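> my_file-v6.txt is reproduced below (compact mmCIF, C-alpha atoms).
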```
# COMPACT_ATOMS: atom_id res chain seq x y z
CA MET A 42 -14.86 16.26 186.95
CA ILE A 43 -11.67 17.88 185.71
CA THR A 44 -8.84 15.70 186.85
CA PRO A 45 -5.93 17.34 188.65
CA ASP A 46 -3.79 16.76 185.56
CA GLY A 47 -6.36 18.32 183.22
CA HIS A 48 -6.79 21.34 185.46
CA ARG A 49 -3.02 21.71 185.78
CA ARG A 50 -2.61 21.59 182.02
CA VAL A 51 -5.22 24.28 181.45
CA ARG A 52 -3.57 26.53 184.05
CA PHE A 53 -0.17 25.96 182.49
CA GLU A 54 -1.50 26.88 179.06
CA GLN A 55 -3.10 30.04 180.39
CA GLU A 56 -0.35 31.24 182.68
CA ALA A 57 2.98 29.96 181.37
CA MET A 58 2.78 29.33 177.62
CA GLN A 59 2.17 33.01 176.87
CA TYR A 60 5.77 33.77 177.85
CA VAL A 61 7.47 31.47 175.31
CA CYS A 62 8.17 34.42 173.01
CA ALA A 63 9.71 36.51 175.82
CA LEU A 64 11.83 33.59 176.98
CA LEU A 65 12.99 32.91 173.45
CA ARG A 66 14.11 36.44 172.65
CA THR A 67 16.15 36.57 175.86
CA ALA A 68 17.56 33.07 175.31
CA ARG A 69 18.49 34.03 171.77
CA ARG A 70 20.70 36.84 173.02
CA LEU A 71 22.20 34.64 175.74
CA CYS A 72 22.90 31.55 173.62
CA GLY A 73 24.00 33.28 170.45
CA ASN A 74 22.01 31.10 168.06
CA ARG A 75 18.43 30.17 167.52
CA GLU A 76 18.74 26.39 167.88
CA SER A 77 20.40 26.50 171.28
CA ALA A 78 17.96 29.19 172.40
CA GLU A 79 14.99 27.02 171.43
CA ASP A 80 16.48 24.07 173.28
CA LEU A 81 17.01 26.21 176.35
CA VAL A 82 13.42 27.50 176.25
CA GLN A 83 12.02 24.01 175.68
CA GLU A 84 13.99 22.71 178.64
CA THR A 85 12.79 25.67 180.70
CA MET A 86 9.13 25.00 179.89
CA LEU A 87 9.47 21.28 180.58
CA ARG A 88 11.08 21.98 183.92
CA ALA A 89 8.34 24.53 184.65
CA TRP A 90 5.66 21.96 183.76
CA LYS A 91 7.19 19.39 186.08
CA ALA A 92 7.45 21.92 188.90
CA PHE A 93 4.18 23.71 188.17
CA ASP A 94 2.66 22.49 191.45
CA GLN A 95 5.25 24.64 193.23
CA TYR A 96 4.19 27.77 191.36
CA GLN A 97 1.85 29.88 193.45
CA GLU A 98 -1.17 31.24 191.64
CA GLN A 99 -1.43 35.05 191.42
CA THR A 100 2.34 35.45 191.72
CA ASN A 101 4.54 36.58 188.84
CA CYS A 102 4.68 33.62 186.46
CA LYS A 103 7.00 35.48 184.08
CA ALA A 104 9.60 36.04 186.81
CA TRP A 105 9.27 32.41 187.88
CA LEU A 106 9.92 31.19 184.32
CA PHE A 107 12.91 33.50 183.92
CA THR A 108 14.31 32.14 187.19
CA ILE A 109 14.21 28.64 185.72
CA LEU A 110 15.70 29.82 182.44
CA MET A 111 18.58 31.66 184.11
CA ASN A 112 19.25 28.73 186.46
CA LEU A 113 19.46 26.38 183.48
CA TRP A 114 21.66 28.81 181.64
CA ASN A 115 24.01 29.21 184.60
CA GLU A 116 23.92 25.48 185.31
CA HIS A 117 25.05 24.49 181.85
CA HIS A 118 26.94 27.22 180.10
CA ARG A 119 29.67 27.54 182.72
CA LYS A 120 30.70 23.90 182.37
CA PRO A 121 33.89 23.45 180.36
CA TRP A 122 32.48 21.00 177.84
CA VAL A 123 29.69 23.32 176.79
CA ARG A 124 30.25 25.05 173.52
CA HIS A 125 29.69 28.72 174.07
CA GLU A 126 29.06 30.75 171.01
CA ALA A 127 30.02 34.28 171.85
CA ALA A 128 29.26 35.66 168.43
CA VAL A 129 25.63 35.88 167.56
CA GLN A 130 24.65 34.76 164.11
CA ASP A 131 24.19 37.85 162.08
CA ASP A 132 21.78 36.46 159.53
CA PHE A 133 18.35 37.98 159.39
CA GLU A 134 15.55 35.52 159.02
CA PRO A 135 12.49 35.87 156.83
CA ASP A 136 10.21 36.98 159.63
CA GLN A 137 12.68 39.68 160.58
CA GLN A 138 12.93 40.84 157.02
CA ALA A 139 9.19 41.28 156.96
CA VAL A 140 9.34 43.48 160.05
CA ALA A 141 12.38 45.47 159.05
CA SER A 142 11.63 45.87 155.39
CA ASN A 143 13.88 48.85 154.89
CA SER A 144 17.50 47.78 154.46
CA ASP A 145 18.72 50.74 156.54
CA ASP A 146 16.48 49.60 159.37
CA ARG A 147 17.81 46.04 159.08
CA VAL A 148 21.37 47.26 159.30
CA PHE A 149 20.45 49.51 162.19
CA ILE A 150 18.74 46.72 164.15
CA HIS A 151 21.68 44.45 163.48
CA GLU A 152 24.06 47.12 164.74
CA VAL A 153 22.18 47.64 167.99
CA LEU A 154 21.96 43.88 168.55
CA ALA A 155 25.69 43.51 167.91
CA CYS A 156 26.35 46.16 170.56
CA ILE A 157 24.10 44.34 173.05
CA ASP A 158 25.98 41.13 172.35
CA ARG A 159 29.28 42.84 173.14
CA LEU A 160 28.18 43.38 176.74
CA THR A 161 29.34 40.90 179.36
CA GLU A 162 26.87 38.10 179.98
CA ASP A 163 25.93 39.46 183.40
CA GLN A 164 25.31 42.95 182.04
CA ARG A 165 23.39 41.60 179.05
CA ALA A 166 21.13 39.48 181.26
CA VAL A 167 20.27 42.42 183.52
CA LEU A 168 19.69 44.75 180.56
CA LEU A 169 17.36 42.30 178.81
CA LEU A 170 15.39 41.42 181.94
CA SER A 171 14.89 45.04 182.94
CA VAL A 172 14.61 47.01 179.71
CA VAL A 173 13.02 44.46 177.39
CA GLU A 174 11.08 42.25 179.78
CA GLY A 175 10.13 45.00 182.21
CA LEU A 176 10.94 43.04 185.35
CA ALA A 177 11.52 45.05 188.53
CA LEU A 178 15.06 45.26 189.86
CA ARG A 179 13.98 43.38 192.98
CA GLU A 180 12.64 40.54 190.82
CA ILE A 181 15.82 40.46 188.77
CA ALA A 182 17.87 40.26 191.97
CA GLU A 183 15.83 37.21 192.98
CA ILE A 184 16.09 35.63 189.54
CA LEU A 185 19.87 36.04 189.40
CA GLN A 186 20.30 35.44 193.12
CA VAL A 187 22.42 38.54 193.63
CA PRO A 188 21.88 41.64 195.82
CA ILE A 189 19.78 44.41 194.30
CA GLY A 190 22.80 46.73 194.49
CA THR A 191 24.64 44.37 192.15
CA VAL A 192 21.74 44.47 189.72
CA MET A 193 21.77 48.28 189.78
CA SER A 194 25.51 48.51 189.18
CA ARG A 195 25.37 45.91 186.36
CA LEU A 196 22.54 47.83 184.76
CA GLY A 197 24.41 51.12 185.06
CA ARG A 198 27.56 49.61 183.53
CA ALA A 199 25.57 47.93 180.79
CA ARG A 200 23.91 51.20 179.80
CA ALA A 201 27.20 53.11 179.88
CA ALA A 202 28.92 50.45 177.75
CA LEU A 203 26.03 50.35 175.31
CA ARG A 204 26.14 54.12 174.87
CA GLU A 205 29.84 53.88 174.20
CA TYR A 206 29.47 51.08 171.63
CA LEU A 207 26.63 52.87 169.88
CA ARG A 208 28.41 56.20 169.65
CA PRO A 209 28.86 56.99 165.94
CA SER A 210 32.45 57.12 164.81
CA PRO A 211 33.86 60.63 164.19
CA GLY A 212 33.33 61.71 160.61
CA ALA A 213 30.36 59.44 160.03
CA LEU A 214 27.71 60.80 157.70
CA ALA A 215 24.86 62.43 159.56
CA GLY A 216 22.07 60.29 158.11
CA ALA A 217 18.84 59.26 159.82
CA ARG A 218 20.56 56.32 161.43
CA GLU A 219 23.28 58.48 162.96
CA ARG A 220 20.72 60.96 164.20
CA ARG A 221 18.85 58.15 165.98
CA LEU A 222 22.06 56.97 167.57
CA CYS A 223 23.00 60.50 168.58
CA ASP A 224 19.66 60.93 170.33
CA ALA A 225 20.55 58.06 172.59
CA VAL A 226 24.24 58.56 173.15
CA LYS A 227 25.08 62.23 172.73
CA PRO A 228 27.41 63.51 175.44
CA LYS A 229 26.10 64.91 178.68
CA GLY A 230 25.17 68.58 178.48
CA TYR A 231 24.52 68.46 174.75
CA MET B 873 21.11 66.78 194.78
CA ARG B 874 24.07 67.39 192.47
CA CYS B 875 24.45 66.27 188.85
CA ARG B 876 27.00 63.65 189.83
CA GLU B 877 24.55 61.99 192.24
CA ALA B 878 21.64 62.29 189.82
CA GLU B 879 23.61 60.76 186.96
CA GLY B 880 23.58 57.27 188.49
CA LEU B 881 19.84 57.39 189.13
CA LEU B 882 18.53 58.45 185.75
CA ALA B 883 18.03 55.01 184.18
CA PRO B 884 14.24 54.57 184.16
CA GLN B 885 14.41 51.18 185.90
CA ILE B 886 16.56 52.64 188.66
CA SER B 887 14.65 55.88 189.15
CA GLU B 888 11.39 53.91 189.45
CA SER B 889 12.81 51.80 192.27
CA LEU B 890 14.04 54.70 194.42
CA ASP B 891 12.47 55.52 197.75
CA ALA B 892 10.03 58.43 197.88
CA ALA B 893 12.49 60.92 199.39
CA THR B 894 15.19 60.25 196.78
CA GLN B 895 12.63 60.40 193.99
CA ARG B 896 11.54 63.81 195.28
CA ASP B 897 15.15 65.04 195.42
CA LEU B 898 15.77 63.78 191.90
CA ALA B 899 12.60 65.47 190.61
CA LEU B 900 13.65 68.77 192.21
CA HIS B 901 17.07 68.50 190.62
CA LEU B 902 15.60 67.75 187.19
CA ASP B 903 13.35 70.81 187.47
CA THR B 904 16.39 73.03 187.68
CA CYS B 905 19.01 71.18 185.59
CA ALA B 906 18.60 71.16 181.81
CA ALA B 907 21.66 68.93 181.30
CA CYS B 908 20.23 66.14 183.48
CA ARG B 909 16.84 66.48 181.81
CA ALA B 910 18.56 65.99 178.45
CA ARG B 911 20.41 63.00 179.87
CA LEU B 912 17.10 61.52 181.11
CA GLN B 913 15.69 61.77 177.59
CA GLN B 914 18.78 59.94 176.29
CA GLU B 915 18.15 57.15 178.79
CA TYR B 916 14.59 56.73 177.54
CA GLU B 917 15.78 56.79 173.94
CA LEU B 918 18.37 54.13 174.71
CA ASP B 919 15.62 51.93 176.15
CA ARG B 920 13.54 52.43 173.03
CA LEU B 921 16.46 51.40 170.83
CA VAL B 922 17.16 48.23 172.82
CA MET B 923 13.50 47.32 173.01
CA ALA B 924 12.93 47.90 169.30
CA ALA B 925 15.98 45.89 168.23
CA VAL B 926 15.35 42.88 170.49
CA THR B 927 11.62 42.64 169.87
CA GLN B 928 11.86 43.13 166.10
CA GLU B 929 14.51 40.46 165.91
CA ALA B 930 12.44 37.98 167.94
CA PRO B 931 11.79 34.84 165.88
CA ALA B 932 8.43 33.17 165.40
CA THR B 933 7.54 30.66 168.10
CA ASP B 934 4.82 28.49 166.53
CA ASP B 935 7.11 25.51 165.93
CA LEU B 936 8.66 25.83 169.34
CA VAL B 937 5.27 25.97 171.06
CA ALA B 938 4.24 22.81 169.20
CA ARG B 939 7.49 21.11 170.26
CA ILE B 940 6.95 22.08 173.88
CA GLU B 941 3.37 20.84 173.85
CA HIS B 942 4.41 17.54 172.32
CA ALA B 943 7.18 17.14 174.86
CA ILE B 944 4.79 17.90 177.70
CA GLU B 945 2.30 15.40 176.41
CA GLY B 946 5.07 12.84 176.47
CA THR B 947 4.41 11.81 172.88
CA ARG B 948 7.74 13.01 171.69
CA ARG B 949 11.09 12.88 173.41
CA PRO B 950 12.29 16.46 173.87
CA ARG B 951 15.20 17.58 171.79
CA PRO B 952 18.37 17.37 173.85
CA PHE B 953 19.63 20.58 175.34
CA PHE B 954 22.58 21.94 173.43
CA PHE B 955 25.14 20.66 175.89
CA LEU B 956 24.21 17.12 174.87
CA GLN B 957 25.41 17.73 171.36
CA ARG B 958 28.99 16.95 172.25
CA ARG B 959 28.20 13.88 174.26
CA TRP B 960 26.18 12.05 171.68
CA PRO B 961 28.19 8.78 171.73
CA ALA B 962 27.59 8.32 175.45
CA PHE B 963 23.95 9.23 175.11
CA ALA B 964 23.50 7.00 172.07
CA GLY B 965 24.75 4.05 174.14
CA ALA B 966 22.45 4.97 176.99
CA ALA B 967 19.56 5.35 174.56
CA ALA B 968 20.16 1.85 173.19
CA VAL B 969 19.98 0.37 176.70
CA ILE B 970 16.85 2.38 177.45
CA LEU B 971 15.30 1.18 174.19
CA LEU B 972 15.87 -2.45 175.11
CA VAL B 973 14.34 -1.92 178.54
CA ALA B 974 11.46 0.04 177.03
CA MET B 975 10.71 -2.78 174.58
CA ALA B 976 10.64 -5.23 177.47
CA VAL B 977 8.11 -3.22 179.45
CA SER B 978 6.09 -1.76 176.57
CA ARG B 979 3.38 -4.39 176.79
CA PHE B 980 2.92 -3.61 180.44
CA THR B 981 2.82 0.18 179.99
CA ALA B 982 0.39 0.00 177.08
CA ALA B 983 -2.02 -2.06 179.13
CA ASN B 984 -1.45 0.28 182.05
CA SER B 985 -2.24 3.41 179.99
CA MET B 986 -5.45 1.85 178.72
CA HIS B 987 -6.42 0.88 182.23
CA LEU B 988 -5.73 4.38 183.58
CA LEU B 989 -7.74 6.07 180.85
CA CYS B 990 -10.70 3.74 181.32
CA GLN B 991 -10.52 4.07 185.10
CA ASP B 992 -10.46 7.86 184.82
CA ALA B 993 -13.54 7.76 182.55
CA VAL B 994 -15.40 5.42 184.91
CA ASP B 995 -14.58 7.69 187.86
CA ASP B 996 -15.88 10.71 185.97
CA HIS B 997 -19.07 8.90 184.94
CA HIS B 998 -19.69 7.72 188.49
CA THR B 999 -19.10 11.14 190.07
CA GLU B 1000 -20.77 13.38 187.52
CA VAL B 1001 -23.57 11.22 186.14
CA VAL B 1002 -24.41 8.59 188.74
CA LEU B 1003 -23.87 10.71 191.86
CA HIS B 1004 -24.93 13.96 190.13
CA GLU B 1005 -22.13 16.08 191.58
CA PRO B 1006 -23.11 19.71 190.89
CA ARG B 1007 -21.19 20.71 187.75
CA HIS B 1008 -21.81 23.18 185.01
CA TRP B 1009 -23.39 21.25 182.15
CA HIS B 1010 -24.39 22.67 178.78
CA THR B 1011 -27.76 21.53 177.47
CA ASN B 1012 -28.32 24.08 174.73
CA SER B 1013 -27.48 22.66 171.28
CA SER B 1014 -25.54 25.75 170.16
CA ASP B 1015 -23.47 25.69 173.38
CA ILE B 1016 -22.74 22.00 172.82
CA ALA B 1017 -21.73 22.70 169.22
CA ASP B 1018 -19.34 25.36 170.53
CA LEU B 1019 -17.79 22.87 172.97
CA VAL B 1020 -17.32 20.40 170.13
CA ARG B 1021 -15.56 23.04 168.02
CA ARG B 1022 -13.23 23.89 170.90
CA THR B 1023 -12.29 20.37 171.94
CA VAL B 1024 -12.66 18.04 168.96
CA PRO B 1025 -12.98 20.29 165.91
CA GLY B 1026 -14.41 18.71 162.79
CA THR B 1027 -16.29 15.99 164.66
CA GLN B 1028 -19.97 15.43 163.91
CA VAL B 1029 -21.52 14.49 167.22
CA PRO B 1030 -24.77 12.53 166.71
CA GLN B 1031 -27.92 13.72 168.47
CA THR B 1032 -29.07 10.14 169.09
CA VAL B 1033 -27.19 6.91 169.35
CA ALA B 1034 -28.50 3.40 170.11
CA GLY B 1035 -31.89 4.91 170.97
CA LEU B 1036 -30.44 7.37 173.48
CA SER B 1037 -30.65 11.15 173.04
CA LEU B 1038 -27.91 13.68 173.66
CA GLN B 1039 -28.78 15.34 176.96
CA LYS B 1040 -25.85 17.47 178.10
CA ALA B 1041 -22.17 18.22 177.62
CA ARG B 1042 -19.18 19.59 179.49
CA ILE B 1043 -15.40 19.82 179.25
CA CYS B 1044 -13.28 17.65 181.50
CA GLY B 1045 -9.81 16.14 181.60
CA LEU B 1046 -8.92 12.48 181.14
CA LEU B 1047 -5.31 11.68 181.93
CA GLN B 1048 -3.63 14.75 180.45
CA ALA B 1049 -6.08 15.25 177.60
CA THR B 1050 -8.90 17.73 177.36
CA ALA B 1051 -12.06 15.70 176.82
CA LEU B 1052 -15.57 16.47 175.69
CA HIS B 1053 -17.92 14.63 178.05
CA LEU B 1054 -21.33 13.97 176.52
CA VAL B 1055 -24.21 12.25 178.27
CA TYR B 1056 -26.76 10.33 176.22
CA GLY B 1057 -29.83 9.03 177.95
CA LYS B 1058 -33.37 7.82 177.96
CA GLY B 1059 -35.39 7.45 181.17
CA SER B 1060 -33.06 6.38 183.95
CA GLN B 1061 -30.49 4.95 181.54
CA GLN B 1062 -27.49 7.21 180.98
CA VAL B 1063 -24.26 6.69 179.10
CA SER B 1064 -21.15 8.86 179.16
CA VAL B 1065 -19.20 9.37 175.95
CA PHE B 1066 -15.78 11.01 176.11
CA PHE B 1067 -14.20 12.42 172.95
CA MET B 1068 -10.51 13.40 172.89
CA LEU B 1069 -7.87 14.17 170.33
CA GLN B 1070 -5.73 11.05 170.16
CA ARG B 1071 -2.53 13.10 170.00
CA GLU B 1072 -3.24 14.49 173.46
CA LEU B 1073 -3.25 11.03 174.97
CA PRO B 1074 -0.28 8.89 175.88
CA SER B 1075 0.52 6.55 173.02
CA ASP B 1076 -1.07 3.10 173.38
CA SER B 1077 -3.74 4.35 175.74
CA LEU B 1078 -6.39 3.30 173.23
CA PRO B 1079 -6.53 0.17 171.08
CA SER B 1080 -5.39 0.86 167.56
CA GLN B 1081 -7.60 0.04 164.62
CA ALA B 1082 -5.17 -2.62 163.47
CA ALA B 1083 -5.12 -4.46 166.78
CA ALA B 1084 -8.67 -4.25 168.00
CA ASN B 1085 -11.16 -1.59 167.19
CA ARG B 1086 -12.93 -1.83 170.47
CA LEU B 1087 -12.04 -2.92 173.92
CA HIS B 1088 -14.94 -3.95 176.10
CA GLU B 1089 -14.52 -4.64 179.71
CA GLU B 1090 -16.72 -5.00 182.71
CA THR B 1091 -15.56 -2.99 185.67
CA ASP B 1092 -15.90 -3.50 189.40
CA SER B 1093 -18.49 -0.74 189.61
CA GLY B 1094 -20.94 -2.62 187.42
CA VAL B 1095 -20.50 -0.49 184.31
CA ALA B 1096 -18.86 -1.44 181.03
CA VAL B 1097 -16.19 0.56 179.26
CA ALA B 1098 -15.77 0.51 175.51
CA SER B 1099 -13.00 2.50 173.90
CA PHE B 1100 -11.54 2.91 170.47
CA ALA B 1101 -9.40 5.23 168.36
CA GLN B 1102 -10.37 6.31 164.89
CA ASP B 1103 -9.07 9.01 162.53
CA GLY B 1104 -7.07 10.73 165.24
CA MET B 1105 -10.01 10.72 167.64
CA GLY B 1106 -10.09 8.82 170.93
CA VAL B 1107 -13.49 7.73 172.24
CA VAL B 1108 -14.35 6.14 175.58
CA VAL B 1109 -17.91 5.05 176.38
CA VAL B 1110 -19.02 4.26 179.93
CA GLY B 1111 -22.45 2.91 180.85
CA GLY B 1112 -24.48 -0.16 181.60
CA PRO B 1113 -22.98 -3.46 180.37
CA GLU B 1114 -25.74 -3.89 177.78
CA ILE B 1115 -25.84 -0.43 176.31
CA ALA B 1116 -22.25 0.89 176.41
CA PRO B 1117 -20.84 -1.58 173.83
CA ARG B 1118 -23.78 -0.86 171.51
CA VAL B 1119 -23.20 2.89 171.78
CA ALA B 1120 -19.51 2.37 171.01
CA ASP B 1121 -20.30 0.17 168.02
CA GLN B 1122 -22.67 2.72 166.54
CA LEU B 1123 -20.29 5.62 167.16
CA ALA B 1124 -17.45 3.74 165.50
CA LEU B 1125 -19.63 3.32 162.40
CA SER B 1126 -20.99 6.86 162.34
CA LEU B 1127 -17.88 8.96 163.06
```
Translate the structure described by the file into structure tokens.


Amino acid sequence: MITPDGHRRVRFEQEAMQYVCALLRTARRLCGNRESAEDLVQETMLRAWKAFDQYQEQTNCKAWLFTILMNLWNEHHRKPWVRHEAAVQDDFEPDQQAVASNSDDRVFIHEVLACIDRLTEDQRAVLLLSVVEGLALREIAEILQVPIGTVMSRLGRARAALREYLRPSPGALAGARERRLCDAVKPKGY
Amino acid sequence: MRCREAEGLLAPQISESLDAATQRDLALHLDTCAACRARLQQEYELDRLVMAAVTQEAPATDDLVARIEHAIEGTRRPRPFFFLQRRWPAFAGAAAVILLVAMAVSRFTAANSMHLLCQDAVDDHHTEVVLHEPRHWHTNSSDIADLVRRTVPGTQVPQTVAGLSLQKARICGLLQATALHLVYGKGSQQVSVFFMLQRELPSDSLPSQAAANRLHEETDSGVAVASFAQDGMGVVVVGGPEIAPRVADQLALSL
């Protein structure tokens, strides 16, 4: 006989643990450093484990986990005694170096990330949840507990701001990097 | 639809969530407007940039997964969330008080964990072996070897022990641990042997080698339980009062 605890643990492994990577990459951009992001994700998973009986099978586990993560984030980071690190550490770690072996690519990735980090927290959260995590706007509205219209306007502003930040400065050399940027941010009607 | 209206709807996430009529209007507009089509391509390219940057930057999670699993198992106190970092003096004081209380009750909890584990094993033995609840058992030796690899890798499970032969195997859960449940038997005599990784069990739920290698106890249901921990492996044997301790003794020598 599989005890209720054993069965629960197996379900948790199968349904929730697969999203640790997704939670971590979002937390990393919210917290600004890896250590705090890992703590936030660990706390999220522990809270999810304790509340796993409330999770309904066949529903969207990823959205449920992101709800917990965003609640924790909102719960803690707005308090005055919490140290908020606005600037994201700009060091590339070994695993990143392996992925982005070309130094131009590393600089490029860093530049895009720096632009994402310049967005307001609300815009950044919506952008990450929709573009990177692929959650539906309705799900994001539930996660952030705001109307769907608010999600749409935050997303629109985030995209407009990101295009502005990424726009190459006048007179920049037209290398591969600039061409990639131009593809994404060239003016309307180009 | 005009360009000005279309402009706000071109983000892929937004256009996908539009109602059918607006989607149709937008599609008609895109068919006739090259500028908006170009803008749509820019939106997709922007998504690709964001996605590529965030996912390539994502750090490895192996250590974190291990930390989470340990914290869930309760064998390691989770690292404090970052907001605790500034309140460490208060939390250090609280931790000292908790430590004193924990020391006072540790004897009780250790005994309690052992009792719970043994009780869980006895319940499983009674339900699955004595009452023959219909469960999926593996009897084929290669299937059993596969179960061993998955649950307690590296363990050599004997085919016979104390004159009993290995009859069947299945996976179950004891407390929070995944356990390999083996049944050894001969005639009407059957003994359950549960193997678990010790790190998956609450600490102190099995007698340590230093304290007592085996714990034998008679239970209310007329069976005996013998349990021990050895080389990171937790073993619980449930069966008749005569045979269970002998099986445990032999396993402790052979593992």

> Please list as a list of chain:residue names every residue within 9 Å of Met923 (chain B), counting all atoms listed in the file and excluding residues in the same chain fewer than 5 positions away.

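Near Met923 (chain B), the qualifying residues are A:Leu169, A:Val172, A:Val173, A:Glu174, B:Leu918, B:Gln928.
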
> CA of Ser171 (chain A) and CA of Gln885 (chain B), how far apart in Å?

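Straight-line distance from CA of Gln885 (chain B) to CA of Ser171 (chain A) works out to 6.8 Å.
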
> Report the distance between CA of Gln1102 (chain B) and CA of Ile1016 (chain B) in Å, rounded to one decimal place.

21.5 Å

> Go through A:Ala104, A:Val148, A:Ala177, A:Ala57 and flag the residue nearest chain B, using only C-alpha atoms for the distances.

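Looking at the shortest contact to chain B, the residue is A:Ala177.
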
> Residues around (13.9, 23.6, 180.6), cut-off 12 Å, counting only C-alpha atoms - what are they as a ChimeraX atom specification?

/A:61,64-65,68,77-92,106-114,116-117 /B:940,943-944,950-954

> With all atoms listed in the file as the atoms that count, which of B:Gly1035, B:Pro884, B:Gly1045, B:Gly1026 lies nearest to chain A?

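Closest candidate: B:Gly1045.
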
> Kindly provide, as AutoDock Vina command-line options, the centre and edge lengths (Å, one decimal) of an axis-aligned box around all atoms of region 156-164 of chain A given in the file, with 8 Å on each side.


```
--center_x 26.7 --center_y 42.1 --center_z 177.0 --size_x 21.2 --size_y 24.1 --size_z 28.8
```

> Which of these residues is nearest to chain A, using only C-alpha atoms: B:Met1105, B:Cys1044, B:Ile970, B:Ala893?

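Under the stated criterion, the closest residue is B:Cys1044.
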
> Counting only C-alpha atoms, figure out which residue out of B:Thr1027, B:Thr927, B:Ser1126, B:Thr894 gets nearest to chain A.

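Of the candidates, the smallest distance to chain A is held by B:Thr927.
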